[in-house]
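The file upload-v9.cif contains mmCIF, C-alpha atoms and all ligand atoms:
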```
data_run
#
loop_
_atom_site.group_PDB
_atom_site.id
_atom_site.type_symbol
_atom_site.label_atom_id
_atom_site.label_comp_id
_atom_site.auth_asym_id
_atom_site.auth_seq_id
_atom_site.Cartn_x
_atom_site.Cartn_y
_atom_site.Cartn_z
ATOM 1 C CA MET N 1 -15.872 -5.014 14.991
ATOM 2 C CA THR N 2 -16.335 -1.388 16.033
ATOM 3 C CA ARG N 3 -13.816 0.575 18.080
ATOM 4 C CA THR N 4 -16.272 0.659 20.985
ATOM 5 C CA ALA N 5 -16.627 -3.137 20.892
ATOM 6 C CA LEU N 6 -12.850 -3.582 20.745
ATOM 7 C CA ILE N 7 -12.343 -1.318 23.756
ATOM 8 C CA GLU N 8 -15.053 -3.241 25.596
ATOM 9 C CA GLN N 9 -13.217 -6.511 24.899
ATOM 10 C CA ILE N 10 -9.961 -5.021 26.233
ATOM 11 C CA ARG N 11 -11.754 -4.005 29.432
ATOM 12 C CA SER N 12 -13.562 -7.282 29.948
ATOM 13 C CA LYS N 13 -10.621 -9.570 29.113
ATOM 14 C CA LYS N 14 -8.120 -7.255 30.851
ATOM 15 C CA SER N 15 -5.878 -7.764 27.873
ATOM 16 C CA PHE N 16 -4.678 -6.056 24.705
ATOM 17 C CA LEU N 17 -2.895 -9.141 23.426
ATOM 18 C CA CYS N 18 -3.022 -10.238 19.801
ATOM 19 C CA VAL N 19 -1.859 -13.804 19.172
ATOM 20 C CA GLY N 20 -0.054 -14.145 15.857
ATOM 21 C CA LEU N 21 -0.869 -17.284 13.890
ATOM 22 C CA ASP N 22 2.364 -17.595 11.877
ATOM 23 C CA THR N 23 1.828 -21.307 11.492
ATOM 24 C CA ASP N 24 4.917 -22.938 10.067
ATOM 25 C CA LEU N 25 4.783 -26.648 9.189
ATOM 26 C CA SER N 26 8.470 -27.000 10.000
ATOM 27 C CA LYS N 27 7.832 -25.864 13.583
ATOM 28 C CA ILE N 28 4.606 -27.533 14.604
ATOM 29 C CA PRO N 29 4.529 -30.775 16.617
ATOM 30 C CA ALA N 30 5.213 -33.881 14.523
ATOM 31 C CA HIS N 31 2.029 -35.696 15.554
ATOM 32 C CA LEU N 32 -0.103 -33.008 13.861
ATOM 33 C CA LEU N 33 1.565 -33.595 10.512
ATOM 34 C CA GLU N 34 -0.328 -36.886 10.251
ATOM 35 C CA THR N 35 -3.710 -35.117 10.289
ATOM 36 C CA GLU N 36 -5.701 -34.013 7.217
ATOM 37 C CA ASP N 37 -5.099 -30.304 7.832
ATOM 38 C CA PRO N 38 -2.127 -29.825 10.223
ATOM 39 C CA ILE N 39 -2.211 -26.012 9.986
ATOM 40 C CA PHE N 40 -5.844 -25.825 11.013
ATOM 41 C CA GLU N 41 -5.466 -28.478 13.742
ATOM 42 C CA PHE N 42 -2.552 -26.523 15.202
ATOM 43 C CA ASN N 43 -4.420 -23.199 15.011
ATOM 44 C CA LYS N 44 -7.569 -24.709 16.508
ATOM 45 C CA ALA N 45 -5.606 -25.989 19.527
ATOM 46 C CA ILE N 46 -3.795 -22.644 19.901
ATOM 47 C CA ILE N 47 -7.066 -20.688 19.695
ATOM 48 C CA ASP N 48 -8.777 -22.959 22.247
ATOM 49 C CA ALA N 49 -5.788 -22.562 24.575
ATOM 50 C CA THR N 50 -5.342 -18.781 24.293
ATOM 51 C CA LYS N 51 -8.784 -17.289 23.630
ATOM 52 C CA ASP N 52 -9.329 -16.377 27.305
ATOM 53 C CA PHE N 53 -6.219 -14.208 27.330
ATOM 54 C CA CYS N 54 -6.272 -12.278 24.055
ATOM 55 C CA VAL N 55 -8.573 -9.899 22.225
ATOM 56 C CA ALA N 56 -7.226 -10.469 18.714
ATOM 57 C CA TYR N 57 -5.680 -13.025 16.387
ATOM 58 C CA LYS N 58 -3.396 -12.199 13.482
ATOM 59 C CA PRO N 59 -2.847 -14.911 10.890
ATOM 60 C CA ASN N 60 0.033 -13.872 8.650
ATOM 61 C CA ASN N 61 -0.975 -14.675 5.075
ATOM 62 C CA ALA N 62 2.496 -15.725 3.951
ATOM 63 C CA PHE N 63 2.277 -18.871 6.072
ATOM 64 C CA TYR N 64 -0.951 -19.928 4.315
ATOM 65 C CA GLU N 65 -0.617 -18.653 0.751
ATOM 66 C CA CYS N 66 2.590 -20.648 0.244
ATOM 67 C CA TYR N 67 0.435 -23.815 0.185
ATOM 68 C CA GLY N 68 -1.940 -22.545 -2.519
ATOM 69 C CA VAL N 69 -5.580 -23.601 -2.338
ATOM 70 C CA LYS N 70 -4.969 -25.841 0.665
ATOM 71 C CA GLY N 71 -3.353 -22.977 2.557
ATOM 72 C CA TRP N 72 -6.307 -20.690 1.820
ATOM 73 C CA GLU N 73 -8.660 -23.395 3.056
ATOM 74 C CA SER N 74 -6.680 -23.664 6.312
ATOM 75 C CA LEU N 75 -6.803 -19.878 6.634
ATOM 76 C CA GLN N 76 -10.555 -19.698 5.994
ATOM 77 C CA LYS N 77 -11.247 -22.483 8.509
ATOM 78 C CA THR N 78 -9.024 -20.687 11.038
ATOM 79 C CA VAL N 79 -10.779 -17.338 10.601
ATOM 80 C CA ASP N 80 -14.173 -19.066 10.886
ATOM 81 C CA TYR N 81 -13.033 -20.805 14.084
ATOM 82 C CA ILE N 82 -11.903 -17.633 15.877
ATOM 83 C CA PRO N 83 -14.540 -16.651 18.474
ATOM 84 C CA GLU N 84 -16.890 -13.773 17.606
ATOM 85 C CA ASN N 85 -15.565 -11.605 20.431
ATOM 86 C CA CYS N 86 -12.015 -11.589 19.006
ATOM 87 C CA PHE N 87 -10.722 -9.079 16.469
ATOM 88 C CA VAL N 88 -9.291 -10.814 13.378
ATOM 89 C CA ILE N 89 -6.401 -9.252 11.471
ATOM 90 C CA ALA N 90 -5.228 -10.545 8.098
ATOM 91 C CA ASP N 91 -1.556 -9.625 8.089
ATOM 92 C CA ALA N 92 -1.353 -9.521 4.309
ATOM 93 C CA LYS N 93 0.399 -6.196 3.693
ATOM 94 C CA ARG N 94 -1.565 -5.404 0.525
ATOM 95 C CA GLY N 95 -2.142 -2.214 -1.496
ATOM 96 C CA ASP N 96 -2.287 -1.561 -5.258
ATOM 97 C CA ILE N 97 -3.959 0.810 -7.723
ATOM 98 C CA GLY N 98 -7.553 1.551 -6.710
ATOM 99 C CA ASN N 99 -9.445 -0.985 -8.824
ATOM 100 C CA THR N 100 -7.109 -3.739 -7.609
ATOM 101 C CA SER N 101 -7.188 -2.715 -3.948
ATOM 102 C CA LYS N 102 -10.979 -2.870 -4.189
ATOM 103 C CA TYR N 103 -10.715 -6.626 -4.797
ATOM 104 C CA TYR N 104 -8.137 -7.060 -2.048
ATOM 105 C CA ALA N 105 -10.646 -5.422 0.291
ATOM 106 C CA GLN N 106 -13.364 -7.776 -0.944
ATOM 107 C CA THR N 107 -11.031 -10.751 -0.387
ATOM 108 C CA PHE N 108 -10.189 -9.968 3.219
ATOM 109 C CA PHE N 109 -13.443 -8.396 4.410
ATOM 110 C CA GLU N 110 -16.174 -10.212 2.460
ATOM 111 C CA THR N 111 -14.723 -13.568 1.406
ATOM 112 C CA LEU N 112 -12.462 -14.269 4.376
ATOM 113 C CA GLY N 113 -14.490 -12.264 6.911
ATOM 114 C CA CYS N 114 -11.623 -10.547 8.743
ATOM 115 C CA ASP N 115 -12.045 -7.345 10.749
ATOM 116 C CA ALA N 116 -8.827 -5.766 9.519
ATOM 117 C CA VAL N 117 -6.076 -6.064 6.947
ATOM 118 C CA THR N 118 -2.553 -4.671 7.012
ATOM 119 C CA VAL N 119 -1.757 -2.380 4.084
ATOM 120 C CA ALA N 120 1.510 -0.991 2.717
ATOM 121 C CA PRO N 121 0.776 2.677 1.906
ATOM 122 C CA TYR N 122 3.616 3.234 -0.571
ATOM 123 C CA MET N 123 1.229 3.519 -3.549
ATOM 124 C CA GLY N 124 -0.749 6.332 -1.933
ATOM 125 C CA GLU N 125 -4.347 7.329 -1.354
ATOM 126 C CA ASP N 126 -6.155 5.356 -4.071
ATOM 127 C CA SER N 127 -4.406 2.181 -2.884
ATOM 128 C CA VAL N 128 -5.721 2.564 0.669
ATOM 129 C CA THR N 129 -9.192 4.147 0.421
ATOM 130 C CA PRO N 130 -10.966 1.090 -1.078
ATOM 131 C CA PHE N 131 -10.316 -0.671 2.249
ATOM 132 C CA LEU N 132 -12.018 2.194 4.083
ATOM 133 C CA GLU N 133 -15.344 1.769 2.338
ATOM 134 C CA TYR N 134 -16.439 -1.127 4.547
ATOM 135 C CA PRO N 135 -18.320 -0.161 7.720
ATOM 136 C CA ASP N 136 -16.840 -1.607 10.925
ATOM 137 C CA LYS N 137 -13.767 -2.901 9.064
ATOM 138 C CA TRP N 138 -10.254 -1.609 9.511
ATOM 139 C CA VAL N 139 -7.158 -0.801 7.559
ATOM 140 C CA ILE N 140 -3.880 -1.158 9.452
ATOM 141 C CA VAL N 141 -1.256 0.975 7.746
ATOM 142 C CA LEU N 142 2.450 0.094 8.007
ATOM 143 C CA ALA N 143 3.978 3.145 9.680
ATOM 144 C CA LEU N 144 7.142 2.335 11.614
ATOM 145 C CA THR N 145 8.048 -1.316 11.272
ATOM 146 C CA SER N 146 9.969 -3.510 13.701
ATOM 147 C CA ASN N 147 12.553 -4.905 11.285
ATOM 148 C CA ALA N 148 16.111 -3.760 10.587
ATOM 149 C CA GLY N 149 15.125 -2.717 7.049
ATOM 150 C CA ALA N 150 12.888 0.008 8.522
ATOM 151 C CA LEU N 151 16.030 2.141 8.518
ATOM 152 C CA ASP N 152 16.353 1.959 4.713
ATOM 153 C CA PHE N 153 13.414 4.262 3.944
ATOM 154 C CA GLN N 154 11.283 5.032 6.990
ATOM 155 C CA PHE N 155 13.870 7.165 8.801
ATOM 156 C CA THR N 156 15.179 9.025 5.759
ATOM 157 C CA THR N 157 14.624 12.769 6.064
ATOM 158 C CA ASP N 158 13.543 15.569 3.722
ATOM 159 C CA ALA N 159 15.183 18.999 3.447
ATOM 160 C CA LYS N 160 13.376 20.104 6.625
ATOM 161 C CA GLY N 161 14.651 17.071 8.532
ATOM 162 C CA GLU N 162 11.282 15.323 8.691
ATOM 163 C CA GLU N 163 11.409 11.509 8.593
ATOM 164 C CA LEU N 164 9.469 9.685 5.896
ATOM 165 C CA TYR N 165 7.453 7.641 8.406
ATOM 166 C CA LYS N 166 6.107 10.867 9.908
ATOM 167 C CA LYS N 167 4.977 12.137 6.501
ATOM 168 C CA VAL N 168 3.285 8.788 5.831
ATOM 169 C CA LEU N 169 1.489 8.966 9.170
ATOM 170 C CA LYS N 170 0.269 12.521 8.751
ATOM 171 C CA LYS N 171 -1.026 11.872 5.254
ATOM 172 C CA THR N 172 -2.624 8.453 5.784
ATOM 173 C CA ALA N 173 -4.332 9.600 8.991
ATOM 174 C CA GLN N 174 -6.310 12.079 6.836
ATOM 175 C CA TRP N 175 -7.791 9.353 4.613
ATOM 176 C CA GLY N 176 -9.690 7.559 7.345
ATOM 177 C CA THR N 177 -10.566 8.097 10.990
ATOM 178 C CA PRO N 178 -9.566 6.538 14.325
ATOM 179 C CA GLU N 179 -12.715 4.403 13.860
ATOM 180 C CA ASN N 180 -11.383 2.597 10.785
ATOM 181 C CA THR N 181 -7.614 3.108 10.677
ATOM 182 C CA MET N 182 -4.814 1.711 12.846
ATOM 183 C CA PHE N 183 -1.057 1.927 12.413
ATOM 184 C CA VAL N 184 1.624 -0.752 12.628
ATOM 185 C CA VAL N 185 4.371 0.420 14.967
ATOM 186 C CA GLY N 186 7.156 -1.969 15.962
ATOM 187 C CA ALA N 187 7.777 -2.728 19.639
ATOM 188 C CA THR N 188 11.500 -2.686 18.860
ATOM 189 C CA ARG N 189 11.289 1.095 18.344
ATOM 190 C CA ALA N 190 10.141 2.293 21.745
ATOM 191 C CA GLU N 191 10.959 5.975 21.300
ATOM 192 C CA GLY N 192 9.558 5.917 17.794
ATOM 193 C CA ILE N 193 6.260 4.732 19.296
ATOM 194 C CA GLY N 194 6.230 7.949 21.348
ATOM 195 C CA GLU N 195 6.839 10.025 18.215
ATOM 196 C CA VAL N 196 4.031 8.257 16.392
ATOM 197 C CA ARG N 197 1.706 8.739 19.361
ATOM 198 C CA LYS N 198 2.319 12.520 19.269
ATOM 199 C CA LEU N 199 1.232 12.639 15.622
ATOM 200 C CA VAL N 200 -1.815 10.371 15.942
ATOM 201 C CA PRO N 201 -3.027 10.638 19.537
ATOM 202 C CA ASP N 202 -6.361 8.892 18.979
ATOM 203 C CA HIS N 203 -5.598 5.919 16.745
ATOM 204 C CA PHE N 204 -5.032 2.320 17.786
ATOM 205 C CA PHE N 205 -1.614 0.826 17.075
ATOM 206 C CA LEU N 206 -0.909 -2.774 16.131
ATOM 207 C CA VAL N 207 2.444 -3.429 17.781
ATOM 208 C CA PRO N 208 4.446 -6.484 16.667
ATOM 209 C CA GLY N 209 7.910 -7.188 18.049
ATOM 210 C CA VAL N 210 7.517 -8.306 21.649
ATOM 211 C CA GLY N 211 8.613 -11.881 22.379
ATOM 212 C CA ALA N 212 10.844 -13.307 19.638
ATOM 213 C CA GLN N 213 12.015 -9.850 18.447
ATOM 214 C CA GLY N 214 12.830 -8.651 21.958
ATOM 215 C CA GLY N 215 10.614 -5.546 22.271
ATOM 216 C CA SER N 216 9.470 -4.517 25.756
ATOM 217 C CA LEU N 217 5.789 -4.484 26.680
ATOM 218 C CA GLU N 218 6.432 -1.868 29.390
ATOM 219 C CA ASP N 219 8.065 0.475 26.873
ATOM 220 C CA VAL N 220 5.235 -0.021 24.404
ATOM 221 C CA ALA N 221 2.691 0.877 27.080
ATOM 222 C CA ASN N 222 4.694 3.868 28.293
ATOM 223 C CA TYR N 223 5.187 5.366 24.858
ATOM 224 C CA GLY N 224 2.070 4.218 23.018
ATOM 225 C CA TRP N 225 -0.765 4.430 25.539
ATOM 226 C CA ASN N 226 -3.813 6.650 24.919
ATOM 227 C CA ASP N 227 -7.062 7.146 26.822
ATOM 228 C CA ASP N 228 -8.670 4.112 25.130
ATOM 229 C CA CYS N 229 -5.559 1.946 25.633
ATOM 230 C CA GLY N 230 -4.926 2.367 21.907
ATOM 231 C CA LEU N 231 -2.750 -0.722 21.663
ATOM 232 C CA LEU N 232 -2.980 -4.237 20.283
ATOM 233 C CA VAL N 233 0.324 -5.919 21.071
ATOM 234 C CA ASN N 234 1.137 -8.964 18.966
ATOM 235 C CA SER N 235 3.278 -11.947 19.815
ATOM 236 C CA SER N 236 3.488 -14.853 17.373
ATOM 237 C CA ARG N 237 6.477 -17.207 17.811
ATOM 238 C CA GLY N 238 6.877 -16.422 21.519
ATOM 239 C CA ILE N 239 3.422 -17.903 22.152
ATOM 240 C CA ILE N 240 2.662 -20.464 19.483
ATOM 241 C CA TYR N 241 6.082 -22.159 19.564
ATOM 242 C CA ALA N 242 6.561 -22.106 23.324
ATOM 243 C CA SER N 243 6.855 -25.888 22.909
ATOM 244 C CA ASN N 244 6.932 -28.145 19.851
ATOM 245 C CA GLY N 245 5.937 -31.203 21.849
ATOM 246 C CA ILE N 246 2.618 -32.760 22.721
ATOM 247 C CA ASP N 247 2.137 -29.995 25.340
ATOM 248 C CA PHE N 248 2.337 -27.156 22.749
ATOM 249 C CA ALA N 249 -1.150 -25.819 23.411
ATOM 250 C CA GLN N 250 -0.735 -25.860 27.194
ATOM 251 C CA LYS N 251 2.612 -24.052 26.899
ATOM 252 C CA ALA N 252 1.075 -21.488 24.519
ATOM 253 C CA ARG N 253 -1.690 -20.927 27.066
ATOM 254 C CA THR N 254 0.881 -20.358 29.811
ATOM 255 C CA GLU N 255 2.786 -17.821 27.669
ATOM 256 C CA ALA N 256 -0.393 -15.984 26.658
ATOM 257 C CA GLN N 257 -1.537 -15.860 30.277
ATOM 258 C CA LYS N 258 1.851 -14.492 31.363
ATOM 259 C CA ILE N 259 1.513 -11.589 28.916
ATOM 260 C CA GLN N 260 -2.150 -11.054 29.826
ATOM 261 C CA LEU N 261 -1.219 -10.721 33.504
ATOM 262 C CA GLN N 262 1.409 -8.091 32.650
ATOM 263 C CA MET N 263 -1.227 -6.302 30.570
ATOM 264 C CA GLU N 264 -3.763 -6.468 33.401
ATOM 265 C CA HIS N 265 -1.182 -4.834 35.648
ATOM 266 C CA ILE N 266 -0.610 -2.052 33.084
ATOM 267 C CA LEU N 267 -4.349 -1.527 32.552
ATOM 268 C CA LYS N 268 -4.819 -1.164 36.328
ATOM 269 C CA GLU N 269 -1.834 1.135 36.697
ATOM 270 C CA LYS N 270 -3.239 3.389 33.966
ATOM 271 C CA GLY N 271 -6.643 3.423 35.677
ATOM 272 C CA PHE N 272 -8.316 1.799 32.641
ATOM 273 C CA ILE N 273 -9.783 -1.008 34.747
ATOM 274 C CA GLY N 274 -10.507 -1.175 38.482
HETATM 275 O O1 LIG N 301 6.786 -4.230 11.501
HETATM 276 C C1 LIG N 301 6.318 -5.366 11.491
HETATM 277 C C2 LIG N 301 5.160 -5.681 10.804
HETATM 278 C C3 LIG N 301 4.672 -6.964 10.870
HETATM 279 N N1 LIG N 301 5.292 -7.914 11.600
HETATM 280 C C4 LIG N 301 4.678 -9.256 11.671
HETATM 281 O O2 LIG N 301 4.283 -9.509 13.031
HETATM 282 C C5 LIG N 301 4.580 -10.846 13.377
HETATM 283 C C6 LIG N 301 5.651 -10.880 14.447
HETATM 284 O O3 LIG N 301 5.969 -12.202 14.795
HETATM 285 P P1 LIG N 301 6.908 -12.609 16.052
HETATM 286 O O4 LIG N 301 7.069 -14.073 15.900
HETATM 287 O O5 LIG N 301 6.151 -12.243 17.303
HETATM 288 O O6 LIG N 301 8.162 -11.868 15.916
HETATM 289 C C7 LIG N 301 4.987 -11.535 12.072
HETATM 290 O O7 LIG N 301 3.823 -12.042 11.463
HETATM 291 C C8 LIG N 301 5.551 -10.400 11.240
HETATM 292 O O8 LIG N 301 5.428 -10.621 9.861
HETATM 293 C C9 LIG N 301 6.454 -7.600 12.273
HETATM 294 O O9 LIG N 301 7.061 -8.438 12.951
HETATM 295 N N2 LIG N 301 6.931 -6.318 12.207
#
```
Could you render the structure as structure tokens?
Ligand SMILES: O=c1ccn([C@@H]2O[C@H](COP(=O)(O)O)[C@@H](O)[C@H]2O)c(=O)[nH]1
Amino acid sequence: MTRTALIEQIRSKKSFLCVGLDTDLSKIPAHLLETEDPIFEFNKAIIDATKDFCVAYKPNNAFYECYGVKGWESLQKTVDYIPENCFVIADAKRGDIGNTSKYYAQTFFETLGCDAVTVAPYMGEDSVTPFLEYPDKWVIVLALTSNAGALDFQFTTDAKGEELYKKVLKKTAQWGTPENTMFVVGATRAEGIGEVRKLVPDHFFLVPGVGAQGGSLEDVANYGWNDDCGLLVNSSRGIIYASNGIDFAQKARTEAQKIQLQMEHILKEKGFIG
């Protein structure tokens, strides 16, 4: 999906919500466990229930790969089921020497058919550029993450007092363009989002950390907004596990709609939609 098409989806759905498909067999309703493919059946119901309120879905690979071939099949069926007008992110956090990254790119863009894949940039330019060779596909670089461990490396400073995450941003932004590169910035780091926005004013951010991790949507919008919205805000557990009963899909729909309405309000306030 192109940037223009993504922006158009945000305008028409009045939403910049990404629903995270972190589908955990120990958390899904018991009745689904009796089906042939419980992960896919759960995802299918969640997608049907939330597709009116979000512009993106983000399956996290860990929840699928742990089941081997069967997990990959559930993932492939899920990606194939996601409507055409939704942006699909493989949250796989890959990146390796160039000739290996090339095959990761093939996996997520050609075989699986996702629009974007998350990449850890620690191995540098040759580990990221193979993902940038696909037209209309995206690399989403980990920049400032939402977890406690972000403090271990990302905020460490050099002799001039510059934090590592800022160096990573400045460098990785040069490898691609705002048409094929996004950055992961955690919602739990509101002021950090503002710092990142200063360095990369034009790029989209994928922002995990609202909902279960406690980040604030208002803060994200205040610090991370740009003229094209520039934000895809993810919530996984807060939506998909709103209930673990028979009503799970309906409850997920209600949660997604709640966030979409807050987003609509923000989009109006910013003058992005009428
Ligand atoms: O900094 C990061 C990068 C990735 N994630 C991922 O996003 C979702 C968040 O799930 P919630 O249930 O909404 O907390 C999950 O897949 C993480 O692996 C992140 O949280 N922070």
- Task: Show me which residues sit within 9 Å of ligand LIG 301 (chain N) when counting only C-alpha atoms and all ligand atoms, and put them as a ChimeraX atom specification.
- Result: /N:19-22,58-63,91-93,118,142-147,150,184-188,206-214,234-241
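Distance check against N:Asp48 using all atoms listed in the file: of N:Thr78, N:Asn226, N:Gln174, N:Thr35, the minimum falls on N:Thr78.
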- Message: Using only C-alpha atoms, which protein or nucleic acid residues come within 9 Å of N:Tyr134? Drop anything in the same chain fewer than 4 positions from it, and give the result as JSON, numbers by chain.
- Response: {"N": [105, 109, 130, 138, 180]}
- Report as a ChimeraX atom specification the full result of the PyMOL selection byres (((chain N and resi 254-269) around 8) and not hetatm) when it is applied to this structure. /N:14-17,19,50,53-54,218,221,229,238-239,242,250-253,270-274
- Which neighbours of stretch 1-10 of chain N fall inside 7 Å, counting only C-alpha atoms, when residues of the same chain fewer than 4 positions from it are skipped, and could you give them as JSON, numbers by chain? {"N": [14, 15, 16, 55, 87, 115, 136, 137, 179, 228]}
For the selection you just gave me, I'd like the residues written to a file as a compact mmCIF listing (two decimals), in the coordinates of the input, keeping C-alpha atoms.
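Heads up, here's the output in again_19.txt:
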```txt
# COMPACT_ATOMS: atom_id res chain seq x y z
CA LYS N 14 -8.12 -7.26 30.85
CA SER N 15 -5.88 -7.76 27.87
CA PHE N 16 -4.68 -6.06 24.70
CA VAL N 55 -8.57 -9.90 22.22
CA PHE N 87 -10.72 -9.08 16.47
CA ASP N 115 -12.04 -7.34 10.75
CA ASP N 136 -16.84 -1.61 10.92
CA LYS N 137 -13.77 -2.90 9.06
CA GLU N 179 -12.72 4.40 13.86
CA ASP N 228 -8.67 4.11 25.13
```
Using the incomplete input, complete stretch 31-53 of chain N to the level of N, CA and C atoms; output as a tab-separated table (two decimals), in the frame of the given file.
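What landed in part_15.tsv:
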```tsv
chain	number	residue	atom	x	y	z
N	31	HIS	N	3.25	-34.87	15.60
N	31	HIS	CA	2.03	-35.70	15.55
N	31	HIS	C	0.91	-35.04	14.74
N	32	LEU	N	0.95	-33.69	14.62
N	32	LEU	CA	-0.10	-33.01	13.86
N	32	LEU	C	0.08	-33.18	12.36
N	33	LEU	N	1.30	-33.47	11.95
N	33	LEU	CA	1.56	-33.60	10.51
N	33	LEU	C	0.84	-34.80	9.90
N	34	GLU	N	0.39	-35.70	10.76
N	34	GLU	CA	-0.33	-36.89	10.25
N	34	GLU	C	-1.81	-36.60	10.03
N	35	THR	N	-2.28	-35.43	10.44
N	35	THR	CA	-3.71	-35.12	10.29
N	35	THR	C	-3.99	-34.57	8.88
N	36	GLU	N	-5.27	-34.47	8.55
N	36	GLU	CA	-5.70	-34.01	7.22
N	36	GLU	C	-5.29	-32.55	6.96
N	37	ASP	N	-5.42	-31.73	8.00
N	37	ASP	CA	-5.10	-30.30	7.83
N	37	ASP	C	-4.28	-29.84	9.05
N	38	PRO	N	-2.96	-30.12	9.05
N	38	PRO	CA	-2.13	-29.82	10.22
N	38	PRO	C	-2.16	-28.35	10.62
N	39	ILE	N	-2.21	-27.45	9.65
N	39	ILE	CA	-2.21	-26.01	9.99
N	39	ILE	C	-3.47	-25.66	10.78
N	40	PHE	N	-4.61	-26.14	10.31
N	40	PHE	CA	-5.84	-25.82	11.01
N	40	PHE	C	-5.88	-26.51	12.38
N	41	GLU	N	-5.44	-27.77	12.45
N	41	GLU	CA	-5.47	-28.48	13.74
N	41	GLU	C	-4.59	-27.75	14.77
N	42	PHE	N	-3.45	-27.27	14.31
N	42	PHE	CA	-2.55	-26.52	15.20
N	42	PHE	C	-3.24	-25.22	15.65
N	43	ASN	N	-3.77	-24.48	14.67
N	43	ASN	CA	-4.42	-23.20	15.01
N	43	ASN	C	-5.60	-23.39	15.96
N	44	LYS	N	-6.38	-24.43	15.69
N	44	LYS	CA	-7.57	-24.71	16.51
N	44	LYS	C	-7.14	-24.92	17.97
N	45	ALA	N	-6.09	-25.72	18.16
N	45	ALA	CA	-5.61	-25.99	19.53
N	45	ALA	C	-5.05	-24.71	20.16
N	46	ILE	N	-4.35	-23.90	19.37
N	46	ILE	CA	-3.80	-22.64	19.90
N	46	ILE	C	-4.93	-21.68	20.27
N	47	ILE	N	-5.93	-21.59	19.41
N	47	ILE	CA	-7.07	-20.69	19.70
N	47	ILE	C	-7.80	-21.15	20.96
N	48	ASP	N	-8.09	-22.44	21.04
N	48	ASP	CA	-8.78	-22.96	22.25
N	48	ASP	C	-7.97	-22.64	23.51
N	49	ALA	N	-6.65	-22.73	23.39
N	49	ALA	CA	-5.79	-22.56	24.58
N	49	ALA	C	-5.59	-21.10	24.96
N	50	THR	N	-5.71	-20.18	24.01
N	50	THR	CA	-5.34	-18.78	24.29
N	50	THR	C	-6.51	-17.80	24.29
N	51	LYS	N	-7.68	-18.24	23.86
N	51	LYS	CA	-8.78	-17.29	23.63
N	51	LYS	C	-9.21	-16.53	24.89
N	52	ASP	N	-8.96	-17.08	26.07
N	52	ASP	CA	-9.33	-16.38	27.30
N	52	ASP	C	-8.40	-15.21	27.59
N	53	PHE	N	-7.25	-15.18	26.95
N	53	PHE	CA	-6.22	-14.21	27.33
N	53	PHE	C	-5.92	-13.16	26.26
```
